[in-house]
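**Q** Next comes upload-v4.txt, compact mmCIF, C-alpha atoms:
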```
# COMPACT_ATOMS: atom_id res chain seq x y z
CA MET A 1 -20.43 12.64 -3.89
CA THR A 2 -20.69 10.79 -7.20
CA ALA A 3 -22.60 7.52 -7.07
CA LYS A 4 -20.60 4.37 -7.50
CA THR A 5 -20.42 2.89 -10.96
CA SER A 6 -22.70 -0.11 -11.48
CA ALA A 7 -21.72 -3.19 -13.42
CA TRP A 8 -25.16 -3.13 -15.06
CA LEU A 9 -26.99 -0.62 -17.24
CA SER A 10 -30.63 0.04 -17.97
CA ALA A 11 -31.86 -0.32 -21.55
CA ASP A 12 -31.90 3.46 -22.00
CA GLU A 13 -28.32 3.80 -20.70
CA ALA A 14 -27.10 1.01 -22.98
CA ILE A 15 -28.85 2.52 -26.00
CA ARG A 16 -27.31 5.92 -25.27
CA LEU A 17 -23.78 4.51 -24.92
CA LEU A 18 -24.09 2.42 -28.08
CA ASP A 19 -25.95 5.11 -30.03
CA VAL A 20 -28.29 2.49 -31.49
CA SER A 21 -32.00 1.76 -31.53
CA ARG A 22 -33.74 -0.42 -28.97
CA ALA A 23 -34.22 -3.10 -31.62
CA THR A 24 -30.48 -3.15 -32.30
CA LEU A 25 -29.77 -3.52 -28.57
CA TYR A 26 -32.10 -6.53 -28.43
CA ALA A 27 -30.38 -7.97 -31.51
CA TYR A 28 -26.98 -7.72 -29.82
CA VAL A 29 -28.40 -9.60 -26.83
CA SER A 30 -29.94 -12.33 -28.97
CA ARG A 31 -26.61 -12.84 -30.75
CA GLY A 32 -24.79 -13.23 -27.43
CA ARG A 33 -22.76 -10.03 -27.80
CA ILE A 34 -24.28 -8.39 -24.70
CA ARG A 35 -25.22 -10.23 -21.52
CA SER A 36 -28.51 -9.32 -19.86
CA GLU A 37 -30.56 -10.40 -16.89
CA ALA A 38 -33.99 -9.72 -15.44
CA VAL A 39 -34.32 -6.87 -12.94
CA VAL A 40 -35.11 -8.20 -9.46
CA GLY A 41 -38.76 -7.53 -8.67
CA ASP A 42 -39.72 -6.73 -12.25
CA THR A 43 -39.22 -9.64 -14.65
CA ARG A 44 -40.49 -7.55 -17.57
CA ARG A 45 -37.43 -5.28 -17.41
CA ARG A 46 -33.85 -6.31 -18.06
CA ARG A 47 -30.45 -4.81 -17.35
CA TYR A 48 -27.34 -5.10 -19.48
CA SER A 49 -23.66 -5.77 -18.77
CA ARG A 50 -21.71 -2.51 -18.67
CA ASP A 51 -18.49 -4.31 -19.69
CA ASP A 52 -20.15 -5.81 -22.77
CA VAL A 53 -21.78 -2.53 -23.77
CA GLU A 54 -18.59 -0.50 -23.32
CA ARG A 55 -16.54 -3.08 -25.21
CA LEU A 56 -19.00 -3.08 -28.11
CA ALA A 57 -19.16 0.71 -28.13
CA ALA A 58 -15.37 0.85 -28.25
CA ARG A 59 -15.28 -1.47 -31.24
CA THR A 60 -17.78 0.76 -33.00
CA ARG A 61 -15.56 3.78 -32.33
CA GLU A 62 -12.57 1.87 -33.66
CA VAL A 63 -14.37 1.29 -36.94
CA ARG A 64 -15.37 4.95 -37.19
CA ASN A 65 -12.04 6.41 -36.03
CA PRO A 66 -9.45 3.75 -35.13
CA ALA A 67 -6.63 6.19 -34.34
CA VAL A 68 -8.60 8.17 -31.76
CA ALA A 69 -10.12 5.05 -30.20
CA ALA A 70 -6.71 3.44 -29.74
CA GLU A 71 -5.27 6.56 -28.14
CA GLN A 72 -8.17 6.94 -25.70
CA ALA A 73 -7.90 3.29 -24.66
CA LEU A 74 -4.47 4.01 -23.13
CA HIS A 75 -5.87 6.68 -20.77
CA TRP A 76 -8.35 5.13 -18.31
CA GLY A 77 -10.25 3.89 -21.35
CA VAL A 78 -12.00 0.67 -22.25
CA PRO A 79 -10.20 -2.67 -21.72
CA VAL A 80 -7.38 -3.37 -24.20
CA LEU A 81 -6.75 -7.02 -23.31
CA GLU A 82 -8.55 -9.82 -21.51
CA SER A 83 -7.62 -11.11 -18.06
CA ARG A 84 -9.14 -13.55 -15.58
CA ILE A 85 -7.36 -12.09 -12.55
CA THR A 86 -8.96 -8.89 -11.26
CA LEU A 87 -12.35 -7.20 -11.55
CA ILE A 88 -13.15 -3.64 -10.47
CA ALA A 89 -16.92 -3.23 -10.32
CA ASP A 90 -19.60 -1.60 -8.14
CA GLY A 91 -16.98 0.20 -6.07
CA ALA A 92 -15.25 -3.03 -5.05
CA LEU A 93 -12.12 -4.99 -6.00
CA TYR A 94 -12.20 -8.73 -6.66
CA TYR A 95 -9.39 -11.25 -7.13
CA ARG A 96 -10.77 -14.08 -9.29
CA GLY A 97 -14.25 -13.35 -7.98
CA GLN A 98 -13.28 -12.99 -4.30
CA ASP A 99 -13.56 -9.65 -2.52
CA ALA A 100 -10.05 -8.29 -1.87
CA ALA A 101 -11.08 -6.53 1.35
CA ARG A 102 -12.42 -9.80 2.76
CA LEU A 103 -9.26 -11.63 1.71
CA ALA A 104 -7.18 -8.97 3.47
CA ARG A 105 -8.94 -9.81 6.73
CA ASN A 106 -9.06 -13.57 6.45
CA ALA A 107 -6.46 -15.01 4.04
CA SER A 108 -2.72 -15.55 4.19
CA LEU A 109 -0.34 -14.12 1.61
CA ALA A 110 0.35 -17.61 0.31
CA GLN A 111 -3.38 -18.21 -0.15
CA VAL A 112 -3.82 -14.97 -2.08
CA ALA A 113 -0.75 -15.64 -4.20
CA ALA A 114 -2.07 -19.12 -5.00
CA LEU A 115 -5.46 -17.64 -5.89
CA LEU A 116 -3.93 -15.07 -8.25
CA TRP A 117 -1.57 -17.59 -9.81
CA GLY A 118 -3.99 -20.49 -10.10
CA VAL A 119 -1.92 -22.97 -8.03
CA ASP A 120 -2.21 -24.86 -4.76
CA ALA A 121 -0.99 -22.82 -1.78
CA ALA A 122 0.69 -25.94 -0.40
CA THR A 123 3.28 -25.72 -3.20
CA LEU A 124 4.44 -22.28 -2.01
CA ALA A 125 7.08 -22.83 0.65
CA ALA A 126 9.57 -20.25 1.93
CA PRO A 127 12.83 -20.57 -0.05
CA SER A 128 15.86 -21.88 1.78
CA ALA A 129 18.40 -19.53 0.18
CA LEU A 130 18.13 -15.91 -0.90
CA THR A 131 20.54 -13.36 -2.35
CA SER A 132 22.18 -11.39 0.44
CA ALA A 133 20.31 -8.24 1.39
CA ALA A 134 21.96 -4.84 1.64
CA ARG A 135 23.91 -4.22 4.85
CA ARG A 136 22.22 -2.37 7.68
CA GLY A 137 22.80 1.34 7.56
CA THR A 138 23.21 1.50 3.82
CA ALA A 139 21.76 4.53 2.05
CA VAL A 140 20.53 2.52 -0.95
CA PRO A 141 16.73 2.92 -1.23
CA PHE A 142 14.61 -0.21 -1.23
CA MET A 143 13.57 0.01 -4.90
CA ALA A 144 17.17 0.23 -6.12
CA ALA A 145 18.32 -2.51 -3.77
CA ALA A 146 15.38 -4.70 -4.78
CA GLN A 147 16.07 -4.42 -8.49
CA GLY A 148 19.74 -5.20 -7.94
CA ALA A 149 18.96 -8.20 -5.76
CA LEU A 150 16.49 -9.58 -8.31
CA ALA A 151 18.93 -9.16 -11.16
CA ALA A 152 21.56 -11.09 -9.19
CA ALA A 153 19.09 -13.76 -8.04
CA GLY A 154 17.71 -14.23 -11.55
CA ALA A 155 21.19 -14.78 -12.94
CA LYS A 156 21.78 -17.56 -10.39
CA ASP A 157 18.35 -19.21 -10.51
CA PRO A 158 18.45 -22.30 -12.76
CA HIS A 159 14.64 -22.25 -12.98
CA ALA A 160 14.36 -18.58 -13.99
CA CYS A 161 13.55 -19.33 -17.62
CA ASP A 162 11.13 -22.20 -16.99
CA LEU A 163 7.97 -20.46 -18.16
CA ARG A 164 5.47 -23.21 -17.42
CA PRO A 165 2.70 -21.92 -15.08
CA HIS A 166 3.58 -24.02 -12.03
CA ALA A 167 7.28 -23.20 -12.42
CA VAL A 168 6.58 -19.46 -12.76
CA ALA A 169 4.46 -19.62 -9.61
CA ARG A 170 7.35 -21.13 -7.63
CA THR A 171 9.74 -18.56 -9.08
CA GLY A 172 7.27 -15.79 -8.23
CA TRP A 173 7.13 -16.91 -4.62
CA ARG A 174 10.94 -16.86 -4.44
CA ILE A 175 10.87 -13.35 -5.90
CA ALA A 176 8.35 -12.13 -3.32
CA TRP A 177 10.44 -13.56 -0.49
CA GLN A 178 13.57 -12.02 -2.01
CA LEU A 179 11.94 -8.60 -1.89
CA ALA A 180 10.87 -9.09 1.73
CA HIS A 181 14.43 -10.21 2.54
CA VAL A 182 15.79 -6.97 1.06
CA ALA A 183 13.23 -4.81 2.88
CA ALA A 184 13.80 -6.53 6.23
CA ARG A 185 17.59 -6.49 5.84
CA GLY A 186 17.85 -10.24 6.37
CA SER A 187 15.52 -10.87 9.34
CA PRO A 188 13.68 -14.01 8.20
CA ALA A 189 10.55 -15.25 9.98
CA GLU A 190 7.99 -17.96 9.32
CA THR A 191 5.88 -15.89 6.92
CA LEU A 192 6.63 -13.09 4.52
CA ASP A 193 4.59 -10.51 6.47
CA ALA A 194 6.17 -11.59 9.76
CA THR A 195 9.59 -11.17 8.12
CA LEU A 196 8.78 -7.55 7.31
CA ALA A 197 7.36 -6.91 10.78
CA ARG A 198 10.46 -8.35 12.47
CA GLY A 199 12.85 -6.49 10.19
CA TRP A 200 11.06 -3.22 10.89
CA GLY A 201 10.95 -3.84 14.64
CA VAL A 202 7.15 -4.06 14.89
CA PRO A 203 6.45 -7.81 15.24
CA ARG A 204 2.94 -7.35 16.65
CA VAL A 205 1.55 -5.61 13.56
CA ALA A 206 2.29 -8.39 11.06
CA PRO A 207 -1.46 -8.97 10.43
CA ILE A 208 -1.91 -5.34 9.35
CA LEU A 209 1.14 -5.55 7.08
CA ARG A 210 -0.32 -8.72 5.59
CA ALA A 211 -3.61 -6.95 4.91
CA ALA A 212 -1.79 -4.02 3.26
CA LEU A 213 0.15 -6.39 1.00
CA ILE A 214 -3.01 -8.23 -0.02
CA LEU A 215 -4.89 -4.99 -0.76
CA CYS A 216 -2.00 -3.90 -3.00
CA ALA A 217 -1.67 -7.29 -4.72
CA ASP A 218 -3.34 -6.41 -7.99
CA HIS A 219 -5.32 -3.63 -9.61
CA GLU A 220 -6.07 -4.67 -13.16
CA LEU A 221 -3.97 -3.17 -15.98
CA ASN A 222 -2.14 -0.30 -14.27
CA VAL A 223 1.09 1.01 -15.80
CA SER A 224 3.44 -1.25 -13.77
CA THR A 225 1.37 -4.34 -14.55
CA PHE A 226 1.25 -3.41 -18.22
CA ALA A 227 5.04 -2.97 -18.18
CA ALA A 228 5.48 -6.39 -16.59
CA ARG A 229 3.16 -8.00 -19.14
CA CYS A 230 4.96 -6.34 -22.05
CA VAL A 231 8.32 -7.63 -20.82
CA ALA A 232 6.87 -11.10 -20.25
CA SER A 233 5.35 -11.08 -23.73
CA ALA A 234 8.87 -10.75 -25.13
CA GLY A 235 9.79 -14.04 -23.41
CA ALA A 236 11.81 -12.49 -20.58
CA SER A 237 12.01 -14.29 -17.24
CA PRO A 238 9.71 -13.46 -14.32
CA TYR A 239 12.69 -11.71 -12.70
CA GLY A 240 12.95 -9.35 -15.66
CA ALA A 241 9.21 -8.73 -15.68
CA VAL A 242 9.14 -7.87 -11.97
CA ILE A 243 12.17 -5.59 -12.33
CA ALA A 244 10.26 -3.74 -15.08
CA GLY A 245 7.22 -3.53 -12.81
CA LEU A 246 9.33 -2.08 -10.00
CA ALA A 247 10.80 0.55 -12.31
CA ALA A 248 7.33 1.67 -13.37
CA LEU A 249 5.89 1.54 -9.86
CA GLU A 250 8.58 3.85 -8.53
CA GLY A 251 7.44 6.58 -10.92
CA ALA A 252 6.06 9.74 -9.33
CA LYS A 253 2.67 9.25 -11.03
CA HIS A 254 2.28 5.70 -9.74
CA GLY A 255 3.53 4.21 -6.45
CA GLY A 256 5.99 7.07 -6.09
CA THR A 257 3.00 9.21 -5.10
CA THR A 258 3.47 7.84 -1.58
CA ALA A 259 6.71 9.82 -1.19
CA ARG A 260 4.85 13.08 -1.88
CA ILE A 261 2.09 12.10 0.52
CA GLU A 262 4.70 11.40 3.22
CA ALA A 263 6.21 14.86 2.71
CA SER A 264 2.77 16.48 2.67
CA TRP A 265 1.81 14.60 5.83
CA ASP A 266 4.74 16.15 7.71
CA ALA A 267 3.79 19.65 6.55
CA LEU A 268 0.08 19.28 7.30
CA ARG A 269 0.84 17.80 10.72
CA ARG A 270 1.95 21.27 11.78
CA GLU A 271 -1.28 22.95 10.64
CA ARG A 272 -4.06 23.81 13.08
CA ASP A 273 -6.78 24.16 10.43
CA LEU A 274 -6.51 21.35 7.87
CA GLU A 275 -9.39 22.54 5.72
CA SER A 276 -7.80 25.99 5.35
CA ALA A 277 -4.41 24.43 4.62
CA LEU A 278 -5.86 22.27 1.84
CA ALA A 279 -7.82 25.20 0.43
CA ASP A 280 -4.62 27.28 0.37
CA ARG A 281 -2.93 24.56 -1.67
CA LEU A 282 -5.74 24.66 -4.19
CA ARG A 283 -5.42 28.45 -4.44
CA ARG A 284 -1.74 27.97 -5.24
CA ASP A 285 -2.73 25.47 -7.92
CA GLU A 286 -1.00 22.66 -6.03
CA HIS A 287 -2.26 19.11 -6.40
CA VAL A 288 -3.31 17.37 -3.18
CA ASP A 289 -2.16 13.76 -3.46
CA GLY A 290 -3.83 10.77 -1.86
CA PHE A 291 -7.48 11.54 -2.52
CA GLY A 292 -9.84 10.64 -5.36
CA HIS A 293 -9.49 7.66 -7.70
CA PRO A 294 -10.95 7.57 -11.24
CA LEU A 295 -12.08 3.95 -10.85
CA TYR A 296 -13.75 4.51 -7.47
CA PRO A 297 -16.00 7.59 -7.56
CA ALA A 298 -17.47 6.67 -4.16
CA GLY A 299 -14.10 5.97 -2.53
CA ASP A 300 -11.23 3.49 -2.80
CA PRO A 301 -12.33 0.30 -0.97
CA ARG A 302 -8.69 -0.70 -0.42
CA ALA A 303 -8.07 2.46 1.56
CA ALA A 304 -11.22 2.02 3.63
CA ALA A 305 -10.31 -1.58 4.46
CA LEU A 306 -6.75 -0.73 5.53
CA LEU A 307 -7.67 2.37 7.54
CA ASP A 308 -10.28 0.35 9.44
CA LEU A 309 -7.53 -2.00 10.68
CA LEU A 310 -5.29 0.69 12.16
CA PRO A 311 -5.16 0.97 15.97
CA LYS A 312 -6.52 4.07 17.68
CA ARG A 313 -3.42 6.16 18.20
CA ALA A 314 -2.66 9.87 17.79
CA GLU A 315 -1.53 9.43 14.19
CA ARG A 316 -4.71 7.49 13.44
CA ALA A 317 -6.77 10.41 14.71
CA PHE A 318 -4.78 12.79 12.52
CA ALA A 319 -5.30 10.54 9.50
CA GLN A 320 -9.05 10.66 10.08
CA SER A 321 -8.99 14.46 10.50
CA LEU A 322 -7.03 14.84 7.27
CA ALA A 323 -9.40 12.52 5.42
CA ASP A 324 -12.39 14.49 6.74
CA ALA A 325 -10.81 17.78 5.67
CA ALA A 326 -10.09 16.43 2.18
CA ARG A 327 -13.66 15.23 1.87
CA ALA A 328 -14.93 18.68 2.86
CA VAL A 329 -12.59 20.66 0.59
CA LEU A 330 -12.03 18.31 -2.34
CA GLY A 331 -15.14 16.14 -2.13
CA GLU A 332 -12.91 13.07 -2.45
CA ALA A 333 -12.06 10.04 -0.31
CA PRO A 334 -8.61 8.59 0.51
CA THR A 335 -6.81 6.31 -1.94
CA ILE A 336 -4.70 3.28 -1.12
CA ASP A 337 -1.61 5.52 -1.37
CA PHE A 338 -2.88 7.68 1.50
CA ALA A 339 -3.84 4.61 3.52
CA LEU A 340 -0.35 3.12 3.14
CA VAL A 341 1.23 6.33 4.42
CA ALA A 342 -1.27 6.45 7.29
CA ALA A 343 -0.45 2.84 8.18
CA ALA A 344 3.27 3.60 8.15
CA ARG A 345 2.84 6.58 10.47
CA VAL A 346 0.41 4.90 12.86
CA LEU A 347 2.49 1.70 13.11
CA GLY A 348 5.88 3.44 13.28
CA LEU A 349 7.28 1.95 10.08
CA PRO A 350 10.50 3.28 8.50
CA ARG A 351 10.53 6.05 5.91
CA GLY A 352 9.69 4.67 2.48
CA ALA A 353 7.72 1.72 3.91
CA PRO A 354 4.52 2.67 2.00
CA LEU A 355 6.22 2.17 -1.36
CA THR A 356 7.93 -0.98 -0.11
CA LEU A 357 4.59 -2.50 0.92
CA PHE A 358 3.08 -1.44 -2.40
CA ALA A 359 5.93 -3.05 -4.36
CA ILE A 360 6.02 -6.36 -2.50
CA GLY A 361 2.24 -6.69 -2.54
CA ARG A 362 1.91 -5.77 -6.21
CA THR A 363 4.54 -8.37 -7.11
CA LEU A 364 1.90 -11.03 -6.45
CA GLY A 365 -0.29 -9.49 -9.12
CA TRP A 366 2.56 -9.05 -11.57
CA ILE A 367 3.36 -12.75 -11.35
CA GLY A 368 -0.28 -13.60 -12.00
CA HIS A 369 -0.30 -11.42 -15.10
CA VAL A 370 3.06 -12.81 -16.21
CA ILE A 371 1.68 -16.35 -16.03
CA GLU A 372 -1.35 -15.25 -18.04
CA GLN A 373 0.84 -13.54 -20.63
CA TYR A 374 3.13 -16.55 -21.06
CA GLU A 375 0.05 -18.69 -21.70
CA LYS A 376 -1.09 -16.30 -24.44
CA ASN A 377 2.28 -16.78 -26.16
CA ALA A 378 1.93 -13.51 -28.08
CA ILE A 379 4.08 -10.39 -27.99
CA ILE A 380 2.43 -7.08 -27.07
CA ARG A 381 3.30 -4.81 -29.97
CA PRO A 382 1.02 -1.78 -30.48
CA ARG A 383 1.60 0.61 -33.37
CA ALA A 384 2.45 4.30 -33.14
CA ARG A 385 0.70 6.94 -35.25
CA TYR A 386 3.45 9.01 -36.87
CA VAL A 387 2.89 12.79 -36.57
CA GLY A 388 6.39 14.03 -37.43
CA GLU A 389 7.90 15.53 -40.54
CA PRO A 390 6.91 13.80 -43.79
CA PRO A 391 9.62 11.94 -45.71
CA MET A 392 11.76 14.10 -47.96
CA PRO A 393 11.04 13.54 -51.68
CA THR A 394 13.61 11.45 -53.50
CA PRO A 395 15.78 13.65 -55.77
CA ALA A 396 15.08 13.14 -59.46
```
Take the structure from the file and write it as structure tokens.
**A**
Amino acid sequence: MTAKTSAWLSADEAIRLLDVSRATLYAYVSRGRIRSEAVVGDTRRRRYSRDDVERLAARTREVRNPAVAAEQALHWGVPVLESRITLIADGALYYRGQDAARLARNASLAQVAALLWGVDAATLAAPSALTSAARRGTAVPFMAAAQGALAAAGAKDPHACDLRPHAVARTGWRIAWQLAHVAARGSPAETLDATLARGWGVPRVAPILRAALILCADHELNVSTFAARCVASAGASPYGAVIAGLAALEGAKHGGTTARIEASWDALRRERDLESALADRLRRDEHVDGFGHPLYPAGDPRAAALLDLLPKRAERAFAQSLADAARAVLGEAPTIDFALVAAARVLGLPRGAPLTLFAIGRTLGWIGHVIEQYEKNAIIRPRARYVGEPPMPTPA
């Protein structure tokens, strides 16, 4: 299995990435462009910040070939904007410097929301009135019902367009509760996670639902977060930004992956030899969803944290067997998408619950990014490189 990516580089690694001499590397450090620190146990050697080196290397590529550099940055490339919210480093996920897996075990949703939004958790109280949720028995999927409810709530909320940080935080908390209200079909409880657990008829598993929501809260600049930031940069309300995030998250290449994993789970549950079943899928050139993440070569820590919390039931044993088979055949570990589906099956949650948990949890991160974007007060407006037909010459 590939070793996890370190946040620090040796001098030789930094020189190779920058394509410069050792003297130039030292010059960058002396000018404050690259952070460095002494190697523990050997004060004569130093290591260098991977983020700083990659950022500087990207700028060099932009100078040499700006069009190619800009295109690559949109595909798991180097950072394209600055944020103080989330760090992915050394195979772990941190919210403002705090380990997300530890927060999932020990913090409340309000505490994590306050951390991401930079406010006092005491200011986040459950709202007294919410837009009516869809009636029980309706066939409207959660994502469609959620977007409709937010559009209606935003139109009625007199504070929707107050874009000051503390006001956006309060609006964001109302939005998160509104989504839980829709998912639970109007079964309010004391906390947001307890509301979901009661609405889904599994009140005893609220702590696991809370952990799942926290682990999904933010993940840097994924496509749904970028969509929410773009909408916020235009001056739209937090309701509009979250609706945009929901639309992106539902996509089959993002949170919508959970629907394919659910279907695959049902099919693989009938197989006696999981390794052979996965190998057959590869022979048919079928993608096996739920395993392997580009940012976590050694395994998604969110998935590991959530799977560890699941009770020992038959579905939990199957989840472990499937993960073991995928590791043997694919050489890859489970992602958070797989873990959400496993949690839903082990806990007896309704169909579609994995995406619902993903959406409600990720809303906390979207609001954090929206607050950050409002503070920047700048519209996100990249340019497109035209590759179509050239303009027709003007007739003489």
**Q** Measuring atom to atom with all atoms listed in the file, identify which of A:Pro350, A:Gly41, A:Pro393, A:Gly365 is nearest to Val112 of chain A.
**A**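 Closest to Val112 of chain A, using all atoms listed in the file: A:Gly365.
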**Q** To one decimal place in Å, what is the distance between atom CA of Asp337 of chain A and atom CA of Ala107 of chain A?
**A**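 Interatomic distance, atom CA of Asp337 of chain A to atom CA of Ala107 of chain A: 21.8 Å.
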**Q** Give me, please, the distance in Å between atom CA of Arg270 of chain A and atom CA of Ala197 of chain A, quoted to one decimal.
**A**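 Atom-to-atom, atom CA of Arg270 of chain A to atom CA of Ala197 of chain A, that is 28.7 Å.
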**Q** Counting all atoms listed in the file, which residues come within 12 Å of (19.6, -12.3, -4.8), with the point read in the file's coordinates, and could you list them as a PyMOL selection string?
**A** chain A and resi 127+129-134+145-157+174-182+186+239
**Q** Need to verify the contact set: Leu330 of chain A, 9 Å, all atoms listed in the file, exclusion of same-chain residues closer than 4 positions in sequence. Can you return it as an MDAnalysis selection string?
**A** chainID A and resid 278:279 288 291:292 325:326
**Q** A:Val387, A:Ala160, A:Leu355, A:Val329: which is nearest Ala252 of chain A, counting all atoms listed in the file?
**A**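 Among A:Val387, A:Ala160, A:Leu355, A:Val329, it is A:Leu355 that comes nearest to Ala252 of chain A.
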**Q** Only N, CA and C atoms, please: segment 314-335 of chain A from the block, as a compact mmCIF listing (two decimals), in the first residue's frame.
**A**
```
# COMPACT_ATOMS: atom_id res chain seq x y z
N ALA A 314 -24.57 -8.47 12.11
CA ALA A 314 -24.29 -9.23 10.89
C ALA A 314 -23.84 -8.32 9.75
N GLU A 315 -24.51 -7.18 9.60
CA GLU A 315 -24.14 -6.27 8.52
C GLU A 315 -22.76 -5.66 8.75
N ARG A 316 -22.38 -5.51 10.01
CA ARG A 316 -21.04 -5.00 10.31
C ARG A 316 -19.99 -6.01 9.90
N ALA A 317 -20.26 -7.29 10.12
CA ALA A 317 -19.34 -8.34 9.71
C ALA A 317 -19.21 -8.37 8.18
N PHE A 318 -20.34 -8.18 7.49
CA PHE A 318 -20.28 -8.16 6.03
C PHE A 318 -19.49 -6.96 5.54
N ALA A 319 -19.67 -5.81 6.16
CA ALA A 319 -18.91 -4.62 5.78
C ALA A 319 -17.42 -4.87 5.91
N GLN A 320 -17.01 -5.53 6.99
CA GLN A 320 -15.60 -5.83 7.18
C GLN A 320 -15.10 -6.81 6.12
N SER A 321 -15.92 -7.83 5.81
CA SER A 321 -15.53 -8.80 4.78
C SER A 321 -15.38 -8.13 3.42
N LEU A 322 -16.30 -7.22 3.10
CA LEU A 322 -16.23 -6.51 1.83
C LEU A 322 -15.01 -5.61 1.78
N ALA A 323 -14.71 -4.93 2.88
CA ALA A 323 -13.53 -4.07 2.93
C ALA A 323 -12.26 -4.90 2.78
N ASP A 324 -12.23 -6.07 3.41
CA ASP A 324 -11.05 -6.94 3.29
C ASP A 324 -10.88 -7.43 1.86
N ALA A 325 -12.00 -7.78 1.22
CA ALA A 325 -11.93 -8.25 -0.17
C ALA A 325 -11.44 -7.15 -1.10
N ALA A 326 -11.93 -5.93 -0.88
CA ALA A 326 -11.50 -4.80 -1.71
C ALA A 326 -10.02 -4.51 -1.51
N ARG A 327 -9.56 -4.66 -0.29
CA ARG A 327 -8.13 -4.43 -0.03
C ARG A 327 -7.29 -5.48 -0.75
N ALA A 328 -7.78 -6.72 -0.78
CA ALA A 328 -7.04 -7.79 -1.43
C ALA A 328 -7.04 -7.66 -2.94
N VAL A 329 -8.18 -7.28 -3.52
CA VAL A 329 -8.31 -7.22 -4.97
C VAL A 329 -7.87 -5.87 -5.54
N LEU A 330 -8.26 -4.80 -4.89
CA LEU A 330 -7.99 -3.46 -5.40
C LEU A 330 -6.76 -2.82 -4.77
N GLY A 331 -6.40 -3.29 -3.57
CA GLY A 331 -5.31 -2.66 -2.84
C GLY A 331 -5.71 -1.31 -2.28
N GLU A 332 -7.01 -1.12 -2.02
CA GLU A 332 -7.51 0.18 -1.56
C GLU A 332 -8.42 0.01 -0.35
N ALA A 333 -8.46 1.06 0.48
CA ALA A 333 -9.26 1.05 1.71
C ALA A 333 -10.59 1.76 1.49
N PRO A 334 -11.55 1.55 2.39
CA PRO A 334 -12.87 2.19 2.25
C PRO A 334 -12.80 3.72 2.33
N THR A 335 -13.72 4.37 1.64
CA THR A 335 -13.88 5.82 1.72
C THR A 335 -15.04 6.15 2.65
```
